[in-house]
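Heads up, start-v9.txt below (compact mmCIF, C-alpha atoms and all ligand atoms):
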```txt
# COMPACT_ATOMS: atom_id res chain seq x y z
CA MET A 1 -29.74 -57.37 -42.74
CA ILE A 2 -32.56 -55.70 -40.89
CA ASP A 3 -32.22 -58.31 -38.15
CA LYS A 4 -28.50 -57.59 -38.03
CA ILE A 5 -29.18 -53.90 -37.53
CA SER A 6 -31.56 -54.53 -34.68
CA SER A 7 -29.12 -56.91 -33.00
CA ILE A 8 -26.34 -54.29 -33.36
CA GLU A 9 -28.72 -51.74 -31.91
CA LYS A 10 -29.42 -53.93 -28.92
CA GLU A 11 -25.72 -54.67 -28.43
CA VAL A 12 -24.54 -51.07 -28.67
CA LYS A 13 -27.29 -49.74 -26.40
CA GLU A 14 -26.43 -52.28 -23.77
CA LYS A 15 -22.74 -51.44 -24.01
CA ILE A 16 -23.41 -47.72 -23.74
CA ALA A 17 -25.64 -48.24 -20.73
CA ASN A 18 -22.91 -50.23 -18.99
CA ALA A 19 -20.00 -47.97 -19.90
CA LYS A 20 -18.37 -46.43 -16.83
CA THR A 21 -15.30 -44.55 -18.05
CA SER A 22 -14.34 -42.13 -20.83
CA VAL A 23 -12.00 -44.77 -22.17
CA SER A 24 -14.70 -47.43 -22.49
CA ILE A 25 -17.16 -45.04 -24.16
CA GLU A 26 -14.49 -44.12 -26.69
CA GLU A 27 -13.89 -47.80 -27.37
CA ILE A 28 -17.62 -48.25 -28.04
CA ARG A 29 -17.59 -45.28 -30.43
CA VAL A 30 -14.72 -46.83 -32.39
CA GLU A 31 -16.33 -50.28 -32.38
CA PHE A 32 -19.60 -49.02 -33.89
CA LEU A 33 -18.97 -45.65 -35.49
CA GLY A 34 -15.26 -45.74 -36.31
CA LYS A 35 -14.01 -46.12 -39.89
CA LYS A 36 -14.34 -49.85 -39.59
CA GLY A 37 -17.16 -49.68 -37.06
CA LYS A 38 -20.09 -52.06 -37.23
CA ILE A 39 -22.69 -49.45 -38.23
CA ILE A 40 -20.42 -47.66 -40.68
CA ASP A 41 -19.63 -51.05 -42.19
CA ILE A 42 -23.29 -51.60 -43.01
CA LEU A 43 -23.54 -48.19 -44.64
CA LYS A 44 -20.38 -48.84 -46.65
CA ASN A 45 -21.70 -52.14 -47.93
CA LEU A 46 -25.19 -51.09 -48.95
CA LYS A 47 -24.40 -52.22 -52.47
CA SER A 48 -24.43 -55.81 -51.37
CA VAL A 49 -27.96 -55.46 -49.99
CA GLU A 50 -30.85 -56.57 -52.15
CA GLU A 51 -32.05 -53.61 -54.15
CA THR A 52 -35.63 -53.75 -52.84
CA LYS A 53 -34.43 -53.59 -49.26
CA ARG A 54 -31.52 -51.21 -49.78
CA LYS A 55 -33.43 -48.02 -49.03
CA GLU A 56 -35.01 -49.39 -45.90
CA VAL A 57 -31.65 -50.71 -44.63
CA ALA A 58 -29.95 -47.41 -45.41
CA THR A 59 -32.62 -45.46 -43.54
CA LEU A 60 -32.48 -47.75 -40.54
CA ALA A 61 -28.68 -47.82 -40.40
CA ASN A 62 -28.47 -44.01 -40.72
CA LYS A 63 -31.08 -43.54 -38.05
CA LEU A 64 -29.17 -45.87 -35.78
CA ARG A 65 -25.90 -44.03 -36.51
CA VAL A 66 -27.40 -40.68 -35.52
CA ASP A 67 -29.13 -42.19 -32.53
CA ILE A 68 -25.91 -43.83 -31.30
CA GLU A 69 -23.86 -40.69 -31.92
CA ASN A 70 -26.27 -38.76 -29.66
CA LYS A 71 -26.34 -41.47 -27.02
CA ILE A 72 -22.55 -41.61 -26.94
CA GLU A 73 -22.32 -37.81 -26.57
CA ASP A 74 -24.85 -37.87 -23.71
CA LYS A 75 -23.06 -40.71 -22.00
CA LYS A 76 -19.70 -38.94 -22.40
CA GLU A 77 -21.09 -35.87 -20.65
CA GLU A 78 -22.56 -38.00 -17.89
CA ILE A 79 -19.26 -39.84 -17.34
CA LYS A 80 -17.29 -36.60 -17.39
CA GLU A 81 -19.46 -35.15 -14.66
CA LYS A 82 -19.17 -38.31 -12.58
CA GLU A 83 -15.41 -38.40 -13.02
CA TYR A 84 -15.18 -34.74 -11.96
CA GLU A 85 -17.35 -35.40 -8.93
CA ASN A 86 -15.19 -38.37 -7.95
CA LYS A 87 -12.06 -36.30 -8.36
CA ILE A 88 -13.42 -33.65 -6.02
CA ASN A 89 -14.63 -36.20 -3.49
CA ASN A 90 -11.30 -37.98 -3.45
CA ALA A 91 -9.16 -34.85 -3.52
CA LYS A 92 -7.12 -33.96 -0.48
CA LYS A 93 -9.16 -31.47 1.49
CA ILE A 94 -7.65 -27.99 1.83
CA ASP A 95 -8.73 -25.74 4.67
CA LEU A 96 -9.16 -22.30 3.19
CA THR A 97 -10.17 -20.55 6.40
CA LEU A 98 -7.59 -18.36 8.16
CA PRO A 99 -6.03 -19.73 11.31
CA THR A 100 -7.37 -17.91 14.35
CA ASN A 101 -3.95 -17.28 15.83
CA LEU A 102 -2.81 -15.26 12.79
CA ASN A 103 -0.95 -12.10 13.67
CA ILE A 104 -2.52 -9.35 11.60
CA GLY A 105 -0.35 -6.56 12.94
CA SER A 106 -1.20 -2.91 13.32
CA LEU A 107 -0.26 0.50 12.00
CA HIS A 108 3.27 1.67 12.71
CA PRO A 109 3.57 4.11 15.65
CA ILE A 110 4.85 6.84 13.29
CA THR A 111 1.87 6.33 10.97
CA ILE A 112 -0.50 6.58 13.92
CA VAL A 113 1.06 9.81 15.17
CA GLN A 114 1.10 11.21 11.62
CA LYS A 115 -2.59 10.43 11.11
CA GLU A 116 -3.48 11.98 14.46
CA LEU A 117 -1.58 15.15 13.60
CA GLU A 118 -3.14 15.36 10.15
CA GLU A 119 -6.59 15.18 11.68
CA ILE A 120 -5.84 17.91 14.20
CA PHE A 121 -4.33 20.20 11.57
CA GLU A 122 -7.16 19.58 9.14
CA SER A 123 -9.61 20.59 11.84
CA MET A 124 -7.68 23.87 12.06
CA GLY A 125 -8.02 24.46 8.31
CA PHE A 126 -4.64 23.17 7.11
CA THR A 127 -4.28 21.09 3.95
CA VAL A 128 -2.07 17.99 3.94
CA GLU A 129 0.53 18.01 1.16
CA ASP A 130 2.92 15.44 -0.23
CA GLY A 131 6.63 15.94 -0.70
CA ASN A 132 9.20 14.05 -2.78
CA GLU A 133 11.89 11.88 -1.26
CA VAL A 134 14.30 12.62 -4.10
CA GLU A 135 14.72 16.37 -4.35
CA THR A 136 16.71 19.00 -6.18
CA GLU A 137 19.49 20.84 -4.42
CA TYR A 138 17.52 24.03 -5.08
CA ASN A 139 14.38 22.90 -3.22
CA ASN A 140 16.22 21.29 -0.33
CA PHE A 141 18.69 24.11 0.27
CA GLU A 142 18.72 27.20 -1.93
CA ALA A 143 14.96 27.85 -1.85
CA VAL A 144 15.04 27.78 1.96
CA ASN A 145 17.80 30.34 2.14
CA VAL A 146 20.75 27.95 2.38
CA PRO A 147 22.92 28.87 -0.60
CA LYS A 148 25.96 26.83 -1.69
CA HIS A 149 28.83 26.98 0.84
CA HIS A 150 26.47 28.13 3.62
CA PRO A 151 27.74 26.63 6.90
CA ALA A 152 24.22 25.37 7.71
CA ARG A 153 24.69 22.71 5.02
CA ASP A 154 27.25 21.00 7.22
CA MET A 155 24.59 20.32 9.84
CA GLN A 156 22.75 18.08 7.42
CA ASP A 157 25.03 15.38 6.07
CA THR A 158 23.45 14.71 2.74
CA PHE A 159 23.03 11.62 0.57
CA TRP A 160 23.86 12.96 -2.89
CA LEU A 161 22.77 11.12 -6.01
CA GLU A 162 24.93 10.77 -9.09
CA ASN A 163 22.64 13.07 -11.08
CA GLY A 164 23.22 15.94 -8.66
CA GLN A 165 19.92 15.48 -6.86
CA LEU A 166 19.66 14.32 -3.26
CA LEU A 167 17.53 12.45 -0.74
CA LYS A 168 15.71 15.23 1.07
CA THR A 169 17.28 16.04 4.40
CA GLN A 170 14.29 17.98 5.70
CA THR A 171 10.61 18.39 4.93
CA SER A 172 11.37 22.10 4.51
CA ALA A 173 12.37 21.02 0.98
CA ALA A 174 8.70 21.21 -0.06
CA GLN A 175 8.15 24.79 1.18
CA ASN A 176 9.02 26.44 -2.12
CA LYS A 177 6.85 24.18 -4.28
CA ILE A 178 3.86 24.57 -1.96
CA MET A 179 4.14 28.36 -1.89
CA LYS A 180 4.33 28.41 -5.69
CA LYS A 181 1.38 26.04 -5.93
CA TYR A 182 -1.03 27.93 -3.65
CA GLY A 183 0.36 31.44 -3.16
CA ALA A 184 -0.85 33.37 -0.09
CA PRO A 185 -2.79 32.98 2.13
CA LEU A 186 -1.70 29.45 2.85
CA LYS A 187 -2.08 26.85 5.62
CA ALA A 188 -0.41 23.52 4.90
CA ILE A 189 1.38 20.65 6.56
CA PHE A 190 3.62 18.20 4.75
CA PRO A 191 4.77 15.05 6.51
CA GLY A 192 7.58 13.04 5.00
CA ARG A 193 10.56 10.77 5.26
CA CYS A 194 13.95 12.45 5.48
CA PHE A 195 17.45 11.09 5.10
CA ARG A 196 20.80 12.09 6.53
CA ASN A 197 24.14 10.42 6.36
CA GLU A 198 24.38 9.96 10.13
CA GLU A 199 26.26 7.57 12.34
CA LEU A 200 23.50 5.50 13.94
CA ASP A 201 22.88 5.56 17.67
CA ALA A 202 19.87 5.63 20.00
CA SER A 203 18.94 9.16 18.94
CA HIS A 204 20.32 9.32 15.37
CA GLU A 205 19.01 7.51 12.32
CA ASN A 206 19.77 7.93 8.64
CA THR A 207 16.04 7.71 7.92
CA PHE A 208 13.46 9.55 10.00
CA PHE A 209 10.14 11.33 9.73
CA GLN A 210 9.27 14.97 10.09
CA MET A 211 6.14 17.00 9.69
CA GLU A 212 6.58 20.49 8.39
CA GLY A 213 3.92 23.17 8.57
CA MET A 214 3.46 26.66 7.22
CA MET A 215 0.87 29.33 7.79
CA ILE A 216 1.09 32.47 5.67
CA ASP A 217 -1.39 35.32 5.75
CA LYS A 218 -1.65 39.05 6.44
CA ASP A 219 -0.47 39.90 9.97
CA VAL A 220 0.57 36.41 11.09
CA SER A 221 2.68 36.82 14.20
CA ILE A 222 4.64 34.85 16.75
CA ALA A 223 1.51 34.90 18.93
CA ASN A 224 -0.28 32.81 16.25
CA LEU A 225 2.64 30.41 16.16
CA ILE A 226 2.56 29.90 19.92
CA TYR A 227 -1.22 29.45 19.95
CA PHE A 228 -1.18 26.83 17.16
CA MET A 229 1.67 24.85 18.65
CA LYS A 230 0.18 24.86 22.14
CA THR A 231 -3.24 23.74 20.87
CA LEU A 232 -1.73 21.08 18.71
CA LEU A 233 0.59 19.59 21.31
CA SER A 234 -2.15 19.60 23.95
CA GLU A 235 -4.32 17.59 21.54
CA ILE A 236 -1.55 15.10 20.86
CA PHE A 237 -0.67 14.50 24.48
CA LYS A 238 -4.32 14.71 25.52
CA LYS A 239 -3.57 17.26 28.22
CA GLU A 240 -2.88 20.97 28.45
CA VAL A 241 0.83 21.52 27.76
CA GLU A 242 2.90 24.54 28.62
CA VAL A 243 5.27 25.77 25.93
CA ARG A 244 8.23 28.12 25.87
CA LEU A 245 10.33 29.54 23.07
CA ARG A 246 14.09 29.85 23.07
CA PRO A 247 16.09 31.47 20.30
CA GLY A 248 17.25 28.99 17.67
CA TYR A 249 19.05 29.45 14.39
CA PHE A 250 17.64 28.16 11.11
CA PRO A 251 18.42 30.07 7.90
CA PHE A 252 14.81 29.89 6.65
CA VAL A 253 13.21 31.64 9.62
CA GLU A 254 13.84 35.00 11.26
CA PRO A 255 13.48 35.03 14.18
CA GLY A 256 13.95 31.31 14.71
CA PHE A 257 13.08 29.38 17.84
CA GLU A 258 13.31 26.11 19.63
CA LEU A 259 9.92 25.33 21.08
CA ASP A 260 10.00 23.33 24.30
CA ILE A 261 7.14 21.81 26.25
CA LYS A 262 7.08 21.45 30.00
CA CYS A 263 7.84 17.80 30.65
CA ILE A 264 4.53 15.95 30.56
CA TYR A 265 5.92 13.06 32.58
CA CYS A 266 7.12 14.96 35.68
CA ASP A 267 5.26 18.24 35.18
CA GLY A 268 8.53 20.15 35.07
CA LYS A 269 10.01 18.72 38.26
CA GLY A 270 12.76 16.89 36.42
CA CYS A 271 12.94 13.22 35.38
CA LYS A 272 14.79 10.85 33.07
CA VAL A 273 12.75 11.82 29.99
CA CYS A 274 13.50 15.57 30.29
CA LYS A 275 17.04 14.79 31.45
CA HIS A 276 16.15 16.51 34.73
CA GLY A 277 15.73 19.88 33.04
CA GLY A 278 11.95 20.01 33.33
CA TRP A 279 11.51 20.93 29.64
CA ILE A 280 11.59 18.87 26.45
CA GLU A 281 12.85 20.34 23.18
CA LEU A 282 10.21 19.41 20.64
CA CYS A 283 9.78 21.63 17.66
CA PRO A 284 12.05 24.08 15.86
CA CYS A 285 10.08 26.90 14.31
CA GLY A 286 10.06 30.58 13.46
CA MET A 287 8.77 33.39 11.31
CA ILE A 288 9.41 32.61 7.64
CA HIS A 289 12.40 34.55 6.30
CA PRO A 290 11.46 37.25 3.72
CA ASN A 291 13.91 35.66 1.22
CA VAL A 292 12.05 32.36 1.47
CA LEU A 293 8.71 34.06 0.85
CA LYS A 294 10.17 35.95 -2.12
CA MET A 295 11.60 32.78 -3.69
CA GLY A 296 8.17 31.20 -3.26
CA GLY A 297 6.60 34.08 -5.20
CA ILE A 298 4.98 35.69 -2.13
CA ASP A 299 5.42 39.40 -1.33
CA PRO A 300 7.01 39.73 2.16
CA GLU A 301 5.77 43.30 2.38
CA LYS A 302 2.18 42.10 2.29
CA TYR A 303 2.37 38.69 3.93
CA SER A 304 4.11 37.04 6.83
CA GLY A 305 4.00 33.54 8.17
CA PHE A 306 5.38 30.94 10.51
CA ALA A 307 6.92 27.56 9.80
CA PHE A 308 7.75 24.63 12.02
CA GLY A 309 9.40 21.23 11.67
CA LEU A 310 8.01 18.64 14.05
CA GLY A 311 10.07 15.51 14.51
CA LEU A 312 7.50 12.77 13.91
CA SER A 313 9.86 9.98 14.91
CA ARG A 314 10.68 11.88 18.10
CA LEU A 315 7.02 12.43 18.88
CA ALA A 316 6.19 8.75 18.32
CA MET A 317 9.02 7.78 20.65
CA MET A 318 7.69 10.07 23.36
CA LYS A 319 4.11 8.98 22.93
CA TYR A 320 4.91 5.26 23.06
CA GLY A 321 7.81 5.38 25.49
CA ILE A 322 10.39 4.13 22.95
CA ASN A 323 13.91 4.89 24.03
CA ASP A 324 15.87 3.96 20.92
CA LEU A 325 15.18 5.61 17.56
CA ARG A 326 16.58 2.59 15.71
CA ILE A 327 13.68 0.42 16.88
CA LEU A 328 11.27 2.37 14.69
CA ASN A 329 12.99 1.32 11.46
CA SER A 330 14.11 -2.12 12.59
CA GLY A 331 11.04 -4.15 11.71
CA ASP A 332 11.87 -6.13 14.84
CA LEU A 333 8.64 -7.91 15.68
CA ARG A 334 9.50 -8.32 19.34
CA ALA A 335 9.69 -4.54 19.72
CA LEU A 336 6.82 -3.74 17.39
CA LYS A 337 4.52 -6.20 19.16
CA GLN A 338 4.91 -4.25 22.37
CA MET A 339 3.72 -1.14 20.55
CA TYR A 340 0.68 -2.70 18.97
CA ILE A 341 -2.11 -0.25 19.36
CA LYS A 342 -5.48 -1.91 19.27
N1 LIG B 1 14.23 21.78 8.68
C1 LIG B 1 14.74 21.86 10.02
C2 LIG B 1 15.56 20.63 10.31
O1 LIG B 1 15.32 19.59 9.77
C3 LIG B 1 13.62 21.96 11.02
C4 LIG B 1 12.90 23.27 10.97
C5 LIG B 1 13.33 24.30 11.78
C6 LIG B 1 11.80 23.45 10.16
C7 LIG B 1 12.69 25.51 11.77
C8 LIG B 1 11.14 24.67 10.15
C9 LIG B 1 11.59 25.70 10.97
O2 LIG B 1 10.09 24.92 9.38
O3 LIG B 1 10.93 26.85 10.97
O4 LIG B 1 16.47 20.71 11.10
```

Same coordinates, now as structure tokens:
Amino acid sequence: MIDKISSIEKEVKEKIANAKTSVSIEEIRVEFLGKKGKIIDILKNLKSVEETKRKEVATLANKLRVDIENKIEDKKEEIKEKEYENKINNAKKIDLTLPTNLNIGSLHPITIVQKELEEIFESMGFTVEDGNEVETEYNNFEAVNVPKHHPARDMQDTFWLENGQLLKTQTSAAQNKIMKKYGAPLKAIFPGRCFRNEELDASHENTFFQMEGMMIDKDVSIANLIYFMKTLLSEIFKKEVEVRLRPGYFPFVEPGFELDIKCIYCDGKGCKVCKHGGWIELCPCGMIHPNVLKMGGIDPEKYSGFAFGLGLSRLAMMKYGINDLRILNSGDLRALKQMYIK
């Protein structure tokens, strides 16, 4: 029996050494260590071994069983690693690097103009605030002195929601909340997307961007308004601009103005951009109406302020020579590619 064990040992070791696949190693395990395996068989039939040799045979067979179990485990690991390596070596190669001709795009012209403006205003001590796109009727109209049935509502065709709220038609909609949040004195700008139910053409969109600003303090005057706007616009256009004010009507300011700049393309001589008038209408503004201050919780006897509503889309068009407002929202790559700003 002892000879049999050593011949099994020799046989199984040879087989393990030659095994190349997980399947063959499993077959070896079954052949020797399975329920009817050759080593297990010896252990099962110890009774038939001469009593004097039984202990020795049992010890040898058990030792062999443990030894083979370990060898099989080691071999399994080895084969698994080899199989994995083979799989990787034979796998179809995938190139994970990015192609060099990939078009990574750039910021949108409106975003660029917005960021530029934010930086300029921040350097002048203004904070940048956020506004909602869905607003209450109160914030969008009533709080800026446009009560129900006021004719000024007709100028802003509004997208009403079923719950009585609306898509904000102007960034002025955030004025009330910002006044309530900070009180006076206050210097803030609030850029945002506005919506109006407009027929689309080259200068009308149902979705456009504005940037509103407010400065409230003791003794703020029209002179401050002119100074800020002139400084700001000169920074944006990177040259000294000349501004003028014309009367304009907006219910939330009194007096209200249209601020024009002398055409930066023809220096006031008259060209296509300024429609040969020499001036470009750029920014409605005015001194904040006492009612608006009151509704914002600010005492108009103590404080005054100016407000303005810059058309961001308009400014981006001017800065990048875009002649159709619809291009800005189109996502048309052919147009956007021409505006890529490196
Ligand atoms: N909210 C106005 C509009 O969208 C623009 C505006 C005009 C804003 C005068 C102002 C302002 O703050 O003072 O037509």

Show me, as JSON, the centre and edge lengths in Å to one decimal of the axis-aligned box that covers every listed atom of ligand LIG 1 (chain B) with 4 Å on each side.
```
{"center_x": 13.3, "center_y": 23.2, "center_z": 10.2, "size_x": 14.4, "size_y": 15.3, "size_z": 11.1}
```

Q) From the list A:Phe257, A:Gly311, A:Arg334, A:Glu142, which residue is nearest Gly105 of chain A when using only C-alpha atoms? A) A:Arg334

Q.
Which residues are close to Arg65 of chain A, i.e. within 9 Å by all atoms listed in the file, leaving aside same-chain residues fewer than 5 positions away? Reply as a ChimeraX atom specification.
A. /A:32-33,39-40,60,70

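Closest to ligand LIG 1 (chain B) among A:Lys230, A:Arg153, A:Lys275, A:Lys218 is A:Arg153, based on all atoms listed in the file.
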
Taking all atoms listed in the file into account, list the residues no farther than 6 Å from ligand LIG 1 (chain B), as an mmCIF file with C-alpha atoms, in the frame of the given file.
```
data_model
loop_
_atom_site.group_PDB
_atom_site.id
_atom_site.type_symbol
_atom_site.label_atom_id
_atom_site.label_comp_id
_atom_site.auth_asym_id
_atom_site.auth_seq_id
_atom_site.Cartn_x
_atom_site.Cartn_y
_atom_site.Cartn_z
ATOM 1 C CA GLN A 170 14.290 17.980 5.700
ATOM 2 C CA SER A 172 11.370 22.100 4.510
ATOM 3 C CA GLU A 212 6.580 20.490 8.390
ATOM 4 C CA PHE A 250 17.640 28.160 11.110
ATOM 5 C CA VAL A 253 13.210 31.640 9.620
ATOM 6 C CA PRO A 284 12.050 24.080 15.860
ATOM 7 C CA CYS A 285 10.080 26.900 14.310
ATOM 8 C CA GLY A 286 10.060 30.580 13.460
ATOM 9 C CA ALA A 307 6.920 27.560 9.800
ATOM 10 C CA PHE A 308 7.750 24.630 12.020
ATOM 11 C CA GLY A 309 9.400 21.230 11.670
#
```

Residues of segment 69-116 of chain A within 12 Å of segment 187-192 of chain A: nearest atom pair and distance (Å, one decimal) for each, counting all atoms listed in the file, sorted by chain and number, as CSV?
```
residue,atom,partner,partner_atom,distance
A:Ile110,CA,A:Pro191,CA,10.6
A:Thr111,CA,A:Pro191,CA,10.2
A:Val113,CA,A:Pro191,CA,10.8
A:Gln114,CA,A:Pro191,CA,7.4
A:Lys115,CA,A:Pro191,CA,9.8
A:Glu116,CA,A:Pro191,CA,11.9
```

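Proximity ranking of A:Glu135, A:Glu9, A:Glu83, A:Asp260 relative to Trp160 of chain A places A:Glu135 first, based on only C-alpha atoms.
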
Q: Determine the nearest neighbour of Met214 of chain A from the options A:His289, A:Lys38, A:Lys87, A:Lys15, counting all atoms listed in the file.
A: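 For Met214 of chain A, the nearest of the candidates is A:His289.
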
Q.
Show me the residues around (10.2, 31.6, -4.4) - criterion: an atom at most 9 Å away, all atoms listed in the file counted - as a list in words.
A.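 The distance filter leaves exactly Ala143, Val144, Asn176, Lys177, Met179, Lys180, Asn291, Val292, Leu293, Lys294, Met295, Gly296, Gly297 and Ile298 of chain A.
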
Output requested as a CSV table (one decimal), keeping the file's coordinate frame - segment 136-159 of chain A, filled out with N, CA and C atoms.
```
chain,number,residue,atom,x,y,z
A,136,THR,N,15.6,18.2,-5.6
A,136,THR,CA,16.7,19.0,-6.2
A,136,THR,C,17.5,19.7,-5.1
A,137,GLU,N,18.7,20.1,-5.4
A,137,GLU,CA,19.5,20.8,-4.4
A,137,GLU,C,18.8,22.2,-4.2
A,138,TYR,N,18.2,22.7,-5.2
A,138,TYR,CA,17.5,24.0,-5.1
A,138,TYR,C,16.4,24.0,-4.0
A,139,ASN,N,15.5,23.0,-4.2
A,139,ASN,CA,14.4,22.9,-3.2
A,139,ASN,C,14.8,22.6,-1.8
A,140,ASN,N,15.8,21.7,-1.7
A,140,ASN,CA,16.2,21.3,-0.3
A,140,ASN,C,17.0,22.4,0.4
A,141,PHE,N,17.8,23.1,-0.4
A,141,PHE,CA,18.7,24.1,0.3
A,141,PHE,C,18.5,25.5,-0.2
A,142,GLU,N,18.7,25.8,-1.5
A,142,GLU,CA,18.7,27.2,-1.9
A,142,GLU,C,17.4,27.9,-1.7
A,143,ALA,N,16.3,27.2,-2.0
A,143,ALA,CA,15.0,27.8,-1.8
A,143,ALA,C,14.6,28.1,-0.4
A,144,VAL,N,15.3,27.5,0.5
A,144,VAL,CA,15.0,27.8,2.0
A,144,VAL,C,16.2,28.6,2.5
A,145,ASN,N,16.8,29.4,1.7
A,145,ASN,CA,17.8,30.3,2.1
A,145,ASN,C,19.1,29.7,2.6
A,146,VAL,N,19.4,28.6,2.1
A,146,VAL,CA,20.8,28.0,2.4
A,146,VAL,C,21.5,27.8,1.1
A,147,PRO,N,22.2,28.9,0.7
A,147,PRO,CA,22.9,28.9,-0.6
A,147,PRO,C,24.1,27.9,-0.5
A,148,LYS,N,24.7,27.7,-1.7
A,148,LYS,CA,26.0,26.8,-1.7
A,148,LYS,C,27.0,27.4,-0.7
A,149,HIS,N,27.8,26.6,-0.1
A,149,HIS,CA,28.8,27.0,0.8
A,149,HIS,C,28.3,27.6,2.1
A,150,HIS,N,27.0,27.6,2.3
A,150,HIS,CA,26.5,28.1,3.6
A,150,HIS,C,26.8,27.1,4.7
A,151,PRO,N,27.3,27.6,5.8
A,151,PRO,CA,27.7,26.6,6.9
A,151,PRO,C,26.6,25.7,7.4
A,152,ALA,N,25.3,26.2,7.2
A,152,ALA,CA,24.2,25.4,7.7
A,152,ALA,C,24.1,24.1,7.0
A,153,ARG,N,24.7,24.0,5.8
A,153,ARG,CA,24.7,22.7,5.0
A,153,ARG,C,25.4,21.6,5.8
A,154,ASP,N,26.4,22.0,6.5
A,154,ASP,CA,27.2,21.0,7.2
A,154,ASP,C,26.5,20.3,8.3
A,155,MET,N,25.4,20.9,8.8
A,155,MET,CA,24.6,20.3,9.8
A,155,MET,C,23.8,19.2,9.3
A,156,GLN,N,23.6,19.1,8.0
A,156,GLN,CA,22.8,18.1,7.4
A,156,GLN,C,23.6,17.2,6.4
A,157,ASP,N,24.2,16.2,6.9
A,157,ASP,CA,25.0,15.4,6.1
A,157,ASP,C,24.1,14.7,5.0
A,158,THR,N,24.4,15.0,3.8
A,158,THR,CA,23.4,14.7,2.7
A,158,THR,C,23.8,13.5,1.9
A,159,PHE,N,22.8,12.7,1.5
A,159,PHE,CA,23.0,11.6,0.6
A,159,PHE,C,22.8,12.2,-0.8
```
